[in-house]
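**Student:** Coordinates in structure00.cif, mmCIF, C-alpha atoms, are listed below.
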```cif
data_model
loop_
_atom_site.group_PDB
_atom_site.id
_atom_site.type_symbol
_atom_site.label_atom_id
_atom_site.label_comp_id
_atom_site.auth_asym_id
_atom_site.auth_seq_id
_atom_site.Cartn_x
_atom_site.Cartn_y
_atom_site.Cartn_z
ATOM 1 C CA MET A 51 65.689 31.045 85.338
ATOM 2 C CA LYS A 52 65.216 29.210 82.091
ATOM 3 C CA LYS A 53 63.277 30.964 79.354
ATOM 4 C CA TYR A 54 60.392 28.466 79.151
ATOM 5 C CA GLN A 55 60.267 27.342 82.778
ATOM 6 C CA ASP A 56 56.810 28.893 83.134
ATOM 7 C CA LEU A 57 55.565 26.260 80.684
ATOM 8 C CA THR A 58 57.812 23.299 81.441
ATOM 9 C CA LYS A 59 56.882 23.395 85.138
ATOM 10 C CA PHE A 60 53.554 21.938 84.024
ATOM 11 C CA ILE A 61 55.111 18.638 82.891
ATOM 12 C CA ALA A 62 54.994 17.030 86.341
ATOM 13 C CA LEU A 63 51.668 18.652 87.159
ATOM 14 C CA LEU A 64 50.031 17.365 83.987
ATOM 15 C CA GLU A 65 51.553 13.896 84.344
ATOM 16 C CA ASN A 66 50.069 13.643 87.840
ATOM 17 C CA GLU A 67 46.576 14.805 86.853
ATOM 18 C CA GLN A 68 43.873 12.196 87.333
ATOM 19 C CA SER A 69 41.707 13.928 84.750
ATOM 20 C CA TYR A 70 42.484 16.862 82.492
ATOM 21 C CA GLY A 71 38.853 17.818 82.271
ATOM 22 C CA GLU A 72 35.379 16.565 81.573
ATOM 23 C CA TRP A 73 32.693 17.209 79.017
ATOM 24 C CA ILE A 74 29.671 18.981 80.400
ATOM 25 C CA GLY A 75 26.472 18.221 78.512
ATOM 26 C CA ASN A 76 25.778 15.346 76.163
ATOM 27 C CA GLU A 77 23.348 13.957 73.628
ATOM 28 C CA GLU A 78 20.709 13.551 76.332
ATOM 29 C CA MET A 79 20.482 17.339 76.455
ATOM 30 C CA LEU A 80 19.469 17.316 72.807
ATOM 31 C CA LYS A 81 16.776 14.693 73.295
ATOM 32 C CA GLU A 82 15.064 16.214 76.308
ATOM 33 C CA ARG A 83 15.263 19.973 76.434
ATOM 34 C CA PRO A 84 14.893 21.236 79.989
ATOM 35 C CA VAL A 85 11.799 23.303 80.735
ATOM 36 C CA ASP A 86 11.006 25.921 83.352
ATOM 37 C CA GLU A 87 8.124 25.752 85.825
ATOM 38 C CA ASN A 88 5.730 27.038 83.127
ATOM 39 C CA GLY A 89 6.687 24.307 80.667
ATOM 40 C CA LYS A 90 8.623 26.692 78.435
ATOM 41 C CA SER A 91 11.832 25.301 76.924
ATOM 42 C CA LEU A 92 15.013 26.661 78.442
ATOM 43 C CA PRO A 93 17.829 27.785 76.147
ATOM 44 C CA TYR A 94 20.111 25.053 74.884
ATOM 45 C CA VAL A 95 23.632 25.121 76.243
ATOM 46 C CA ALA A 96 26.148 23.458 73.942
ATOM 47 C CA PRO A 97 28.421 20.827 75.467
ATOM 48 C CA TYR A 98 31.788 22.164 76.607
ATOM 49 C CA VAL A 99 34.857 20.998 78.490
ATOM 50 C CA ARG A 100 35.365 21.936 82.117
ATOM 51 C CA TYR A 101 39.133 21.766 82.524
ATOM 52 C CA SER A 102 40.880 20.885 85.759
ATOM 53 C CA PRO A 103 42.471 23.770 87.679
ATOM 54 C CA VAL A 104 45.956 22.701 86.528
ATOM 55 C CA VAL A 105 44.942 22.659 82.861
ATOM 56 C CA SER A 106 43.140 25.993 83.214
ATOM 57 C CA GLN A 107 46.302 27.493 84.704
ATOM 58 C CA PHE A 108 48.389 25.970 81.893
ATOM 59 C CA ILE A 109 46.065 27.441 79.240
ATOM 60 C CA SER A 110 46.311 30.869 80.873
ATOM 61 C CA GLU A 111 50.107 30.656 80.947
ATOM 62 C CA VAL A 112 50.326 29.631 77.293
ATOM 63 C CA LEU A 113 48.217 32.591 76.220
ATOM 64 C CA HIS A 114 50.763 34.972 77.778
ATOM 65 C CA TYR A 115 53.499 33.875 75.382
ATOM 66 C CA GLN A 116 54.027 36.034 72.320
ATOM 67 C CA VAL A 117 55.431 33.833 69.584
ATOM 68 C CA PRO A 118 55.335 33.785 65.802
ATOM 69 C CA SER A 119 52.391 31.985 64.263
ATOM 70 C CA SER A 120 52.845 28.246 63.979
ATOM 71 C CA GLY A 121 52.895 28.573 60.191
ATOM 72 C CA ASP A 122 55.654 31.194 60.279
ATOM 73 C CA ALA A 123 57.639 29.217 62.853
ATOM 74 C CA ALA A 124 57.342 26.065 60.730
ATOM 75 C CA LYS A 125 58.545 27.923 57.629
ATOM 76 C CA GLU A 126 61.573 29.214 59.562
ATOM 77 C CA CYS A 127 62.402 25.599 60.354
ATOM 78 C CA ALA A 128 61.732 24.401 56.802
ATOM 79 C CA MET A 129 59.040 22.164 58.256
ATOM 80 C CA GLU A 130 55.647 21.649 56.720
ATOM 81 C CA TYR A 131 52.672 20.643 58.762
ATOM 82 C CA THR A 132 48.943 20.403 58.534
ATOM 83 C CA GLU A 133 46.333 20.014 61.212
ATOM 84 C CA TYR A 134 46.363 16.288 60.500
ATOM 85 C CA ASN A 135 50.083 15.641 60.690
ATOM 86 C CA LEU A 136 50.496 17.880 63.731
ATOM 87 C CA LEU A 137 49.536 14.770 65.677
ATOM 88 C CA HIS A 138 52.329 12.741 64.083
ATOM 89 C CA LEU A 139 55.009 15.349 63.470
ATOM 90 C CA ASP A 140 58.499 14.392 64.686
ATOM 91 C CA VAL A 141 59.614 17.240 66.941
ATOM 92 C CA SER A 142 62.824 15.632 68.180
ATOM 93 C CA GLY A 143 64.843 18.334 66.426
ATOM 94 C CA ALA A 144 62.323 21.162 66.705
ATOM 95 C CA PRO A 145 63.442 24.506 68.127
ATOM 96 C CA ALA A 146 61.739 26.107 71.107
ATOM 97 C CA ASN A 147 59.861 28.778 69.162
ATOM 98 C CA LEU A 148 58.193 26.108 67.023
ATOM 99 C CA LEU A 149 57.153 24.035 70.040
ATOM 100 C CA VAL A 150 55.668 27.033 71.823
ATOM 101 C CA ALA A 151 53.918 28.091 68.616
ATOM 102 C CA PHE A 152 52.331 24.638 68.269
ATOM 103 C CA ILE A 153 51.194 24.606 71.911
ATOM 104 C CA ARG A 154 49.779 28.102 71.570
ATOM 105 C CA LYS A 155 48.009 27.117 68.333
ATOM 106 C CA ILE A 156 46.240 24.241 70.080
ATOM 107 C CA VAL A 157 45.215 26.444 73.000
ATOM 108 C CA ARG A 158 43.910 29.166 70.682
ATOM 109 C CA ASN A 159 42.036 26.569 68.603
ATOM 110 C CA GLU A 160 39.932 25.849 71.683
ATOM 111 C CA ARG A 161 38.014 29.010 70.749
ATOM 112 C CA TYR A 162 36.809 27.347 67.563
ATOM 113 C CA ARG A 163 36.518 23.715 68.582
ATOM 114 C CA ASP A 164 35.714 22.785 72.149
ATOM 115 C CA GLY A 165 37.852 20.004 73.527
ATOM 116 C CA VAL A 166 40.917 20.375 71.297
ATOM 117 C CA VAL A 167 43.203 21.010 74.299
ATOM 118 C CA LEU A 168 41.719 17.964 76.017
ATOM 119 C CA GLU A 169 42.349 15.884 72.896
ATOM 120 C CA TYR A 170 46.004 16.929 72.653
ATOM 121 C CA LEU A 171 46.551 16.323 76.359
ATOM 122 C CA GLN A 172 44.947 12.890 76.227
ATOM 123 C CA ASN A 173 46.927 11.792 73.164
ATOM 124 C CA GLY A 174 50.182 12.992 74.768
ATOM 125 C CA ARG A 175 51.246 15.527 72.136
ATOM 126 C CA ILE A 176 51.302 18.533 74.466
ATOM 127 C CA LEU A 177 53.418 16.636 76.997
ATOM 128 C CA THR A 178 55.769 15.508 74.210
ATOM 129 C CA TRP A 179 56.215 19.107 73.098
ATOM 130 C CA LEU A 180 56.737 20.310 76.682
ATOM 131 C CA LYS A 181 59.356 17.630 77.344
ATOM 132 C CA ARG A 182 61.237 18.583 74.176
ATOM 133 C CA LEU A 183 60.999 22.232 75.212
ATOM 134 C CA LYS A 184 62.476 21.416 78.624
ATOM 135 C CA GLN A 185 65.253 19.410 76.978
ATOM 136 C CA ILE A 186 66.441 22.364 74.887
ATOM 137 C CA ASP A 187 65.624 25.234 77.274
ATOM 138 C CA VAL A 188 68.795 27.075 78.243
#
```
Please lay out the structure from this file as structure tokens.

**Tutor:**
Amino acid sequence: MKKYQDLTKFIALLENEQSYGEWIGNEEMLKERPVDENGKSLPYVAPYVRYSPVVSQFISEVLHYQVPSSGDAAKECAMEYTEYNLLHLDVSGAPANLLVAFIRKIVRNERYRDGVVLEYLQNGRILTWLKRLKQIDV
């Protein structure tokens, strides 16, 4: 079994997904706060992403990997990155530990910014990293 097969098996699954997830809640919730039967405002629930079962399984799998931080992995590779250029970074020569660190960083960032995993799935970066990982997995 290849070392990263637990992650790379998601390539086909993610490519075949109709939708990675959907936002629950919107600006309408801010305009008209729901009320109970007594007319008292109900607590506000912030919008969040409800991920598809495949994406939820992928996120769970990623969180099981113990890898160096993305910053440490990038330094090992003499590669500099920022949150901004992570979207445009050329990973054609990137080693496996860096790719897994980037994927894990995005998944962990979901704790601080809802929808970041959805964003990176929709723009194709996670699939690009997974395909490179599969290419070099021995």

**Student:** Run the PyMOL selection byres ((chain A and resi 54) around 8) against the file shown and list the residues it catches, as JSON, numbers by chain.

**Tutor:** {"A": [52, 53, 55, 56, 57, 58, 183, 184, 187]}

**Student:** Can you tell me which residues surround A:Arg161 at a distance of at most 12 Å, considering only C-alpha atoms, apart from same-chain residues fewer than 5 positions away, and format the answer as a ChimeraX atom specification?

**Tutor:** /A:98-99,109,154-156,166-167

**Student:** Measuring between all atoms listed in the file, which one of A:Ala144, A:Val85, A:Val105, A:Ile186 shows the shortest distance to A:Asn66?

**Tutor:**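 When distances to A:Asn66 are compared using all atoms listed in the file, the smallest one comes from A:Val105.
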
**Student:** Figure out the distance between atom CA of A:Tyr162 and atom CA of A:Phe108, please, to one decimal in Å.

**Tutor:**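 According to the coordinates, atom CA of A:Phe108 and atom CA of A:Tyr162 are separated by 18.5 Å.
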
**Student:** Residues picked by the PyMOL selection byres ((chain A and resi 115) around 9) here, as a PDB file with C-alpha atoms, in the coordinates of the input?

**Tutor:**
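And here is the file that came out, part-v1.pdb:
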```
ATOM      1  CA  GLU A 111      50.107  30.656  80.947  1.00  0.00           C
ATOM      2  CA  VAL A 112      50.326  29.631  77.293  1.00  0.00           C
ATOM      3  CA  LEU A 113      48.217  32.591  76.220  1.00  0.00           C
ATOM      4  CA  HIS A 114      50.763  34.972  77.778  1.00  0.00           C
ATOM      5  CA  GLN A 116      54.027  36.034  72.320  1.00  0.00           C
ATOM      6  CA  VAL A 117      55.431  33.833  69.584  1.00  0.00           C
ATOM      7  CA  VAL A 150      55.668  27.033  71.823  1.00  0.00           C
ATOM      8  CA  ALA A 151      53.918  28.091  68.616  1.00  0.00           C
ATOM      9  CA  ARG A 154      49.779  28.102  71.570  1.00  0.00           C
TER      10      ARG A 154
END
```

**Student:** What does the structure give for the distance between atom CA of A:Val188 and atom CA of A:Ser102, in Å to one decimal?

**Tutor:** 29.6 Å

**Student:** In Å, how far is it from atom CA of A:Val141 to atom CA of A:Arg182?

**Tutor:**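 Spanning atom CA of A:Val141 to atom CA of A:Arg182 is a straight-line distance of 7.5 Å.
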
**Student:** Would you mind telling me which residue in A:Trp179, A:Glu160, A:Gly165, A:Tyr101 lies nearest to A:Leu139 when using all atoms listed in the file?

**Tutor:**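 Answer, going by the shortest atom-to-atom distance: A:Trp179.
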
**Student:** For A:Leu63, find every residue with an atom within 9 Å (counting all atoms listed in the file), except residues of its own chain fewer than 4 positions away, and show them as a PyMOL selection string.

**Tutor:** chain A and resi 59+67+104-105

**Student:** My list of candidates is A:His138, A:Leu177, A:Gln185, A:Gly143. Which is closest to A:Phe60 when distances are computed with only C-alpha atoms?

**Tutor:**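 Closest residue, counting only C-alpha atoms: A:Leu177.
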
**Student:** Have a look at A:Gln107, A:Thr178, A:Gln68, A:Asn88 and name the one nearest to A:Phe152; count all atoms listed in the file.

**Tutor:**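 Among A:Gln107, A:Thr178, A:Gln68, A:Asn88, it is A:Thr178 that comes nearest to A:Phe152.
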
**Student:** Because the input lacks atoms here, generate N, CA and C atoms for stretch 173-187 of chain A and report them as a compact mmCIF listing (two decimals), keeping the file's coordinate frame.

**Tutor:**
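part_5.txt, freshly written:
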```txt
# COMPACT_ATOMS: atom_id res chain seq x y z
N ASN A 173 46.10 12.58 74.09
CA ASN A 173 46.93 11.79 73.16
C ASN A 173 48.42 11.99 73.40
N GLY A 174 48.79 12.85 74.35
CA GLY A 174 50.18 12.99 74.77
C GLY A 174 51.02 13.98 73.98
N ARG A 175 50.45 14.62 72.97
CA ARG A 175 51.25 15.53 72.14
C ARG A 175 51.73 16.75 72.91
N ILE A 176 50.88 17.34 73.72
CA ILE A 176 51.30 18.53 74.47
C ILE A 176 52.44 18.17 75.42
N LEU A 177 52.33 17.05 76.10
CA LEU A 177 53.42 16.64 77.00
C LEU A 177 54.70 16.35 76.22
N THR A 178 54.59 15.76 75.05
CA THR A 178 55.77 15.51 74.21
C THR A 178 56.45 16.82 73.85
N TRP A 179 55.66 17.80 73.46
CA TRP A 179 56.22 19.11 73.10
C TRP A 179 56.84 19.79 74.31
N LEU A 180 56.19 19.70 75.47
CA LEU A 180 56.74 20.31 76.68
C LEU A 180 58.05 19.65 77.10
N LYS A 181 58.12 18.34 76.97
CA LYS A 181 59.36 17.63 77.34
C LYS A 181 60.50 18.01 76.40
N ARG A 182 60.21 18.14 75.12
CA ARG A 182 61.24 18.58 74.18
C ARG A 182 61.66 20.02 74.51
N LEU A 183 60.71 20.85 74.85
CA LEU A 183 61.00 22.23 75.21
C LEU A 183 61.92 22.29 76.44
N LYS A 184 61.64 21.46 77.43
CA LYS A 184 62.48 21.42 78.62
C LYS A 184 63.88 20.94 78.28
N GLN A 185 63.98 19.99 77.39
CA GLN A 185 65.25 19.41 76.98
C GLN A 185 66.18 20.46 76.36
N ILE A 186 65.61 21.39 75.60
CA ILE A 186 66.44 22.36 74.89
C ILE A 186 66.46 23.74 75.54
N ASP A 187 65.70 23.93 76.61
CA ASP A 187 65.62 25.23 77.27
C ASP A 187 66.95 25.54 77.97
```
